[in-house]
Each structure stands twice: as C-alpha cells, then as structure tokens.
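Novice: Structure provided below as structure tokens; questions to follow.
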Amino acid sequence: MRILCIDTSSGSAVALVDVPATGPTTVLRAAHSPDPRRHAETLGPLVQDVMTAGPHADAIAVGTGPAPFTGLRVGLVTAAALGRARHVPVHGVSSLDVLARQALDARPDAEVLVATDARRREVYWARYRALGADDVERLAGPEVARAATAAEAADGALVAG
C-alpha cells in the first residue's frame, strides 16, 4: 500500500511511503519546506514533486496538529481535495502522536513527552507510552502551555519534539 503523507503543522512536509503487508515501511520520496508561513505556495509543488516517485497513492494521511490553524487548514484542504479527486481515503493523524511513535521506536519501554512550538513562548505538548509496536497511548494532553509547564509534566519521561 502506498500512502501519501502531508503535514503542515510546522512548515510543509510531504512523503510517499510504501507500507507492505510484511516488512519495513519504505520512504519512496519526501520533500519539505521549513517556512511556516508559505504553506499555500509550497504545498502543491511539494506534492507534485513527491508524486513523481510513483503513479498513485492508495490512501492519504494528513497531520491534524495541534498547530496554528492557517497552516493546518492548507494541509487538510489539500489532502481532502486530493483524496476526493483520486478516490482514495484520507486519514487524519495527530502530529504529536507521530513524533511520539518515532521516539518510542527507539525506546519502547519509556514514556515520552512530545512538545512542539506553539509560538508566543508556548508549546503544544502531550505525554505518551507505547501501545504495541505500531501505536501510542496518550497519557496526558494535548495541551498548549508555557515550556516550563510542559517540563513539569515530563516528570522523568523522555522529551522529544
């Protein structure tokens, strides 16, 4: 199964991944723009660039944040439009959940607090533990708060983000 992944939580990122029934997931092609204010201008060309890696996607996964609404809106609308045009399902995924899963892949026995920039001297954060090899369980959050508040919530957990 090929999945087109789109995230506009921080800048714009697009990847086409191959997820076989057995074996590891392979990134076929990926592209990103770190500019957090030019989603509308950069996302279309990034999708076009990534889709040159393969003829189609069987599904689309899109980051649902938390993040500033303007950037999220561009990613969500782009994913919905592509899903409708290509007749493939679109699945929303919390951006914090994805970061937690990446951290827990390295330390599956740990708890992790994930934090991302919310601007205005605040962070979005949530705390997780592994739920099997492919999923996470959210223990707290998501919330938006000062970094010091998120640090208190870490209380011995790994910190990622």
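Quick note on naming: the chains in the structure tokens go A, B, ... in the order shown, residues restart at 1 in each chain, and ligands are numbered from 1 in order of appearance.
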Would you pick out the contacts of Val19 in chain A at 8 Å or less, using only C-alpha atoms, so that residues sharing its chain but fewer than 4 positions from it are not included, and give the list as a PyMOL selection string?
Specialist: chain A and resi 1-3+24-26
Novice: Could you list, as a ChimeraX atom specification, every residue within 12 Å of Ser94 in chain A, counting only C-alpha atoms and ignoring same-chain residues fewer than 6 positions away?
Specialist: /A:6-9,61-67,72,76,100-101,114,124-126,135-136,138,141-142
Novice: Next, dump the selected residues to file, keeping only C-alpha atoms, as a tab-separated table (two decimals), in the first residue's frame.
Specialist:
```
chain	number	residue	atom	x	y	z
A	6	ILE	CA	1.08	15.52	4.25
A	7	ASP	CA	1.85	17.64	7.32
A	8	THR	CA	1.65	21.40	7.66
A	9	SER	CA	2.00	21.61	11.44
A	61	ALA	CA	-2.53	10.60	5.77
A	62	VAL	CA	-2.67	14.22	6.90
A	63	GLY	CA	-1.39	15.86	10.06
A	64	THR	CA	-4.16	17.33	12.19
A	65	GLY	CA	-1.91	19.30	14.51
A	66	PRO	CA	-2.00	20.78	17.01
A	67	ALA	CA	-0.61	23.77	15.13
A	72	LEU	CA	-3.27	23.23	9.20
A	76	LEU	CA	-6.24	19.47	5.49
A	100	ALA	CA	5.75	10.15	19.98
A	101	ARG	CA	5.80	6.98	17.88
A	114	VAL	CA	6.36	15.47	22.96
A	124	TYR	CA	1.88	22.16	22.30
A	125	TRP	CA	2.56	19.06	24.34
A	126	ALA	CA	1.27	15.59	25.18
A	135	ASP	CA	0.65	2.67	18.08
A	136	VAL	CA	0.80	5.02	21.06
A	138	ARG	CA	-1.82	9.30	25.08
A	141	GLY	CA	-2.71	16.35	26.71
A	142	PRO	CA	-2.64	17.60	24.15
```
Novice: Quick check for you: according to DSSP on this backbone, which residues of range 48-152 of chain A are classed as helix (DSSP H, G or I)? Reply as an MDAnalysis selection string.
Specialist: chainID A and resid 48:51 69:86 95:106 147:152
Novice: With distances taken over only C-alpha atoms, which residue among A:Arg119, A:Arg129, A:Arg29, A:His87 lies nearest Arg146 in chain A?
Specialist: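 Residue with the minimum atom-to-atom distance to Arg146 in chain A: A:Arg119.
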Novice: Using only C-alpha atoms, can you tell me which of A:Ala103, A:Leu4, A:Leu113, A:Val90 comes closest to Val50 in chain A?
Specialist: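 So, comparing all the options, the nearest one is A:Leu4.
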Novice: Using only C-alpha atoms, which protein or nucleic acid residues come within 12 Å of Gly54 in chain A? Drop anything in the same chain fewer than 2 positions from it, and give the result as a PDB file with N, CA, C and O atoms, in the first residue's frame.
Specialist:
```
ATOM      1  N   MET A   1       0.844  -1.169   0.000  1.00  0.00           N
ATOM      2  CA  MET A   1       0.000   0.000   0.000  1.00  0.00           C
ATOM      3  C   MET A   1       0.892   1.235   0.000  1.00  0.00           C
ATOM      4  O   MET A   1       1.830   1.322   0.790  1.00  0.00           O
ATOM      5  N   ARG A   2       0.594   2.180  -0.862  1.00  0.00           N
ATOM      6  CA  ARG A   2       1.316   3.447  -0.896  1.00  0.00           C
ATOM      7  C   ARG A   2       0.468   4.526  -0.231  1.00  0.00           C
ATOM      8  O   ARG A   2      -0.713   4.660  -0.541  1.00  0.00           O
ATOM      9  N   ILE A   3       1.101   5.269   0.678  1.00  0.00           N
ATOM     10  CA  ILE A   3       0.393   6.318   1.402  1.00  0.00           C
ATOM     11  C   ILE A   3       1.101   7.651   1.147  1.00  0.00           C
ATOM     12  O   ILE A   3       2.317   7.762   1.340  1.00  0.00           O
ATOM     13  N   LEU A   4       0.318   8.634   0.719  1.00  0.00           N
ATOM     14  CA  LEU A   4       0.814   9.994   0.586  1.00  0.00           C
ATOM     15  C   LEU A   4       0.616  10.667   1.936  1.00  0.00           C
ATOM     16  O   LEU A   4      -0.505  10.722   2.448  1.00  0.00           O
ATOM     17  N   ALA A  15       5.476  13.179   1.938  1.00  0.00           N
ATOM     18  CA  ALA A  15       6.230  11.950   1.676  1.00  0.00           C
ATOM     19  C   ALA A  15       5.306  10.930   1.042  1.00  0.00           C
ATOM     20  O   ALA A  15       4.109  10.894   1.336  1.00  0.00           O
ATOM     21  N   LEU A  16       5.866  10.114   0.188  1.00  0.00           N
ATOM     22  CA  LEU A  16       5.163   8.958  -0.354  1.00  0.00           C
ATOM     23  C   LEU A  16       5.865   7.739   0.220  1.00  0.00           C
ATOM     24  O   LEU A  16       7.079   7.578   0.049  1.00  0.00           O
ATOM     25  N   VAL A  17       5.109   6.916   0.961  1.00  0.00           N
ATOM     26  CA  VAL A  17       5.698   5.748   1.604  1.00  0.00           C
ATOM     27  C   VAL A  17       5.021   4.481   1.113  1.00  0.00           C
ATOM     28  O   VAL A  17       3.842   4.486   0.756  1.00  0.00           O
ATOM     29  N   ASP A  18       5.784   3.405   1.079  1.00  0.00           N
ATOM     30  CA  ASP A  18       5.264   2.092   0.722  1.00  0.00           C
ATOM     31  C   ASP A  18       5.195   1.279   2.009  1.00  0.00           C
ATOM     32  O   ASP A  18       6.204   1.114   2.702  1.00  0.00           O
ATOM     33  N   VAL A  27      10.295   4.804   2.588  1.00  0.00           N
ATOM     34  CA  VAL A  27      10.002   6.134   2.074  1.00  0.00           C
ATOM     35  C   VAL A  27      10.470   6.167   0.623  1.00  0.00           C
ATOM     36  O   VAL A  27      11.658   6.025   0.343  1.00  0.00           O
ATOM     37  N   LEU A  28       9.528   6.329  -0.296  1.00  0.00           N
ATOM     38  CA  LEU A  28       9.857   6.358  -1.715  1.00  0.00           C
ATOM     39  C   LEU A  28      10.395   7.715  -2.140  1.00  0.00           C
ATOM     40  O   LEU A  28      11.291   7.810  -2.974  1.00  0.00           O
ATOM     41  N   ARG A  29       9.810   8.758  -1.576  1.00  0.00           N
ATOM     42  CA  ARG A  29      10.254  10.121  -1.888  1.00  0.00           C
ATOM     43  C   ARG A  29       9.679  11.060  -0.831  1.00  0.00           C
ATOM     44  O   ARG A  29       8.565  10.856  -0.366  1.00  0.00           O
ATOM     45  N   ALA A  30      10.446  12.088  -0.478  1.00  0.00           N
ATOM     46  CA  ALA A  30       9.984  13.061   0.507  1.00  0.00           C
ATOM     47  C   ALA A  30      10.513  14.437   0.133  1.00  0.00           C
ATOM     48  O   ALA A  30      11.563  14.564  -0.501  1.00  0.00           O
ATOM     49  N   VAL A  47       3.865  18.316  -3.288  1.00  0.00           N
ATOM     50  CA  VAL A  47       3.074  17.127  -3.618  1.00  0.00           C
ATOM     51  C   VAL A  47       3.408  16.658  -5.030  1.00  0.00           C
ATOM     52  O   VAL A  47       3.633  15.466  -5.271  1.00  0.00           O
ATOM     53  N   GLN A  48       3.471  17.582  -5.958  1.00  0.00           N
ATOM     54  CA  GLN A  48       3.792  17.224  -7.341  1.00  0.00           C
ATOM     55  C   GLN A  48       5.165  16.571  -7.433  1.00  0.00           C
ATOM     56  O   GLN A  48       5.339  15.553  -8.101  1.00  0.00           O
ATOM     57  N   ASP A  49       6.150  17.130  -6.728  1.00  0.00           N
ATOM     58  CA  ASP A  49       7.496  16.564  -6.733  1.00  0.00           C
ATOM     59  C   ASP A  49       7.511  15.150  -6.168  1.00  0.00           C
ATOM     60  O   ASP A  49       8.106  14.235  -6.737  1.00  0.00           O
ATOM     61  N   VAL A  50       6.835  14.950  -5.052  1.00  0.00           N
ATOM     62  CA  VAL A  50       6.831  13.634  -4.404  1.00  0.00           C
ATOM     63  C   VAL A  50       6.086  12.598  -5.245  1.00  0.00           C
ATOM     64  O   VAL A  50       6.501  11.445  -5.325  1.00  0.00           O
ATOM     65  N   MET A  51       5.012  12.998  -5.873  1.00  0.00           N
ATOM     66  CA  MET A  51       4.222  12.038  -6.641  1.00  0.00           C
ATOM     67  C   MET A  51       4.931  11.568  -7.911  1.00  0.00           C
ATOM     68  O   MET A  51       4.500  10.605  -8.526  1.00  0.00           O
ATOM     69  N   THR A  52       6.036  12.185  -8.281  1.00  0.00           N
ATOM     70  CA  THR A  52       6.802  11.674  -9.416  1.00  0.00           C
ATOM     71  C   THR A  52       7.483  10.352  -9.068  1.00  0.00           C
ATOM     72  O   THR A  52       7.954   9.643  -9.948  1.00  0.00           O
ATOM     73  N   HIS A  56       0.663   6.402  -8.095  1.00  0.00           N
ATOM     74  CA  HIS A  56      -0.566   6.636  -7.332  1.00  0.00           C
ATOM     75  C   HIS A  56      -0.323   6.431  -5.840  1.00  0.00           C
ATOM     76  O   HIS A  56       0.694   5.892  -5.433  1.00  0.00           O
ATOM     77  N   ALA A  57      -1.281   6.865  -5.066  1.00  0.00           N
ATOM     78  CA  ALA A  57      -1.307   6.573  -3.634  1.00  0.00           C
ATOM     79  C   ALA A  57      -2.622   5.861  -3.357  1.00  0.00           C
ATOM     80  O   ALA A  57      -3.653   6.183  -3.940  1.00  0.00           O
ATOM     81  N   ASP A  58      -2.586   4.865  -2.485  1.00  0.00           N
ATOM     82  CA  ASP A  58      -3.787   4.119  -2.119  1.00  0.00           C
ATOM     83  C   ASP A  58      -4.567   4.800  -1.001  1.00  0.00           C
ATOM     84  O   ASP A  58      -5.733   4.500  -0.770  1.00  0.00           O
TER      85      ASP A  58
END
```
Novice: Fewer than 5 positions away in the same chain doesn't count, so skip those; otherwise give me all residues within 7 Å of range 154-157 of chain A, counting only C-alpha atoms, as a list of chain:residue names.
Specialist: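 Counting only C-alpha atoms, the residues come to A:Ala110, A:Glu111, A:Val112, A:Leu113.
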Novice: Can you pull out every residue within 9 Å of Val74 in chain A, counting only C-alpha atoms, but drop anything in the same chain fewer than 2 positions away, and send it as a list in words?
Specialist: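 The contact residues come out as Thr8, His39, Ala40, Leu43, Phe69, Thr70, Gly71, Leu72, Leu76, Val77, Thr78 and Ala79 of chain A.
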Novice: For Ala118 in chain A, list every protein, DNA or RNA residue within 8 Å, evaluated using only C-alpha atoms, and leave out those in the same chain fewer than 2 positions away; present the list as a list in words.
Specialist: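 Listing them by chain and then by number gives Ala67, Pro68, Thr116, Arg120, Arg121, Glu122, Val123, Tyr124 and Val144 of chain A.
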Novice: What's the separation between CA of Ala59 in chain A and CA of Asp105 in chain A, in Å to one decimal place?
Specialist: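 Computing the Euclidean distance for CA of Ala59 in chain A and CA of Asp105 in chain A yields 23.3 Å.
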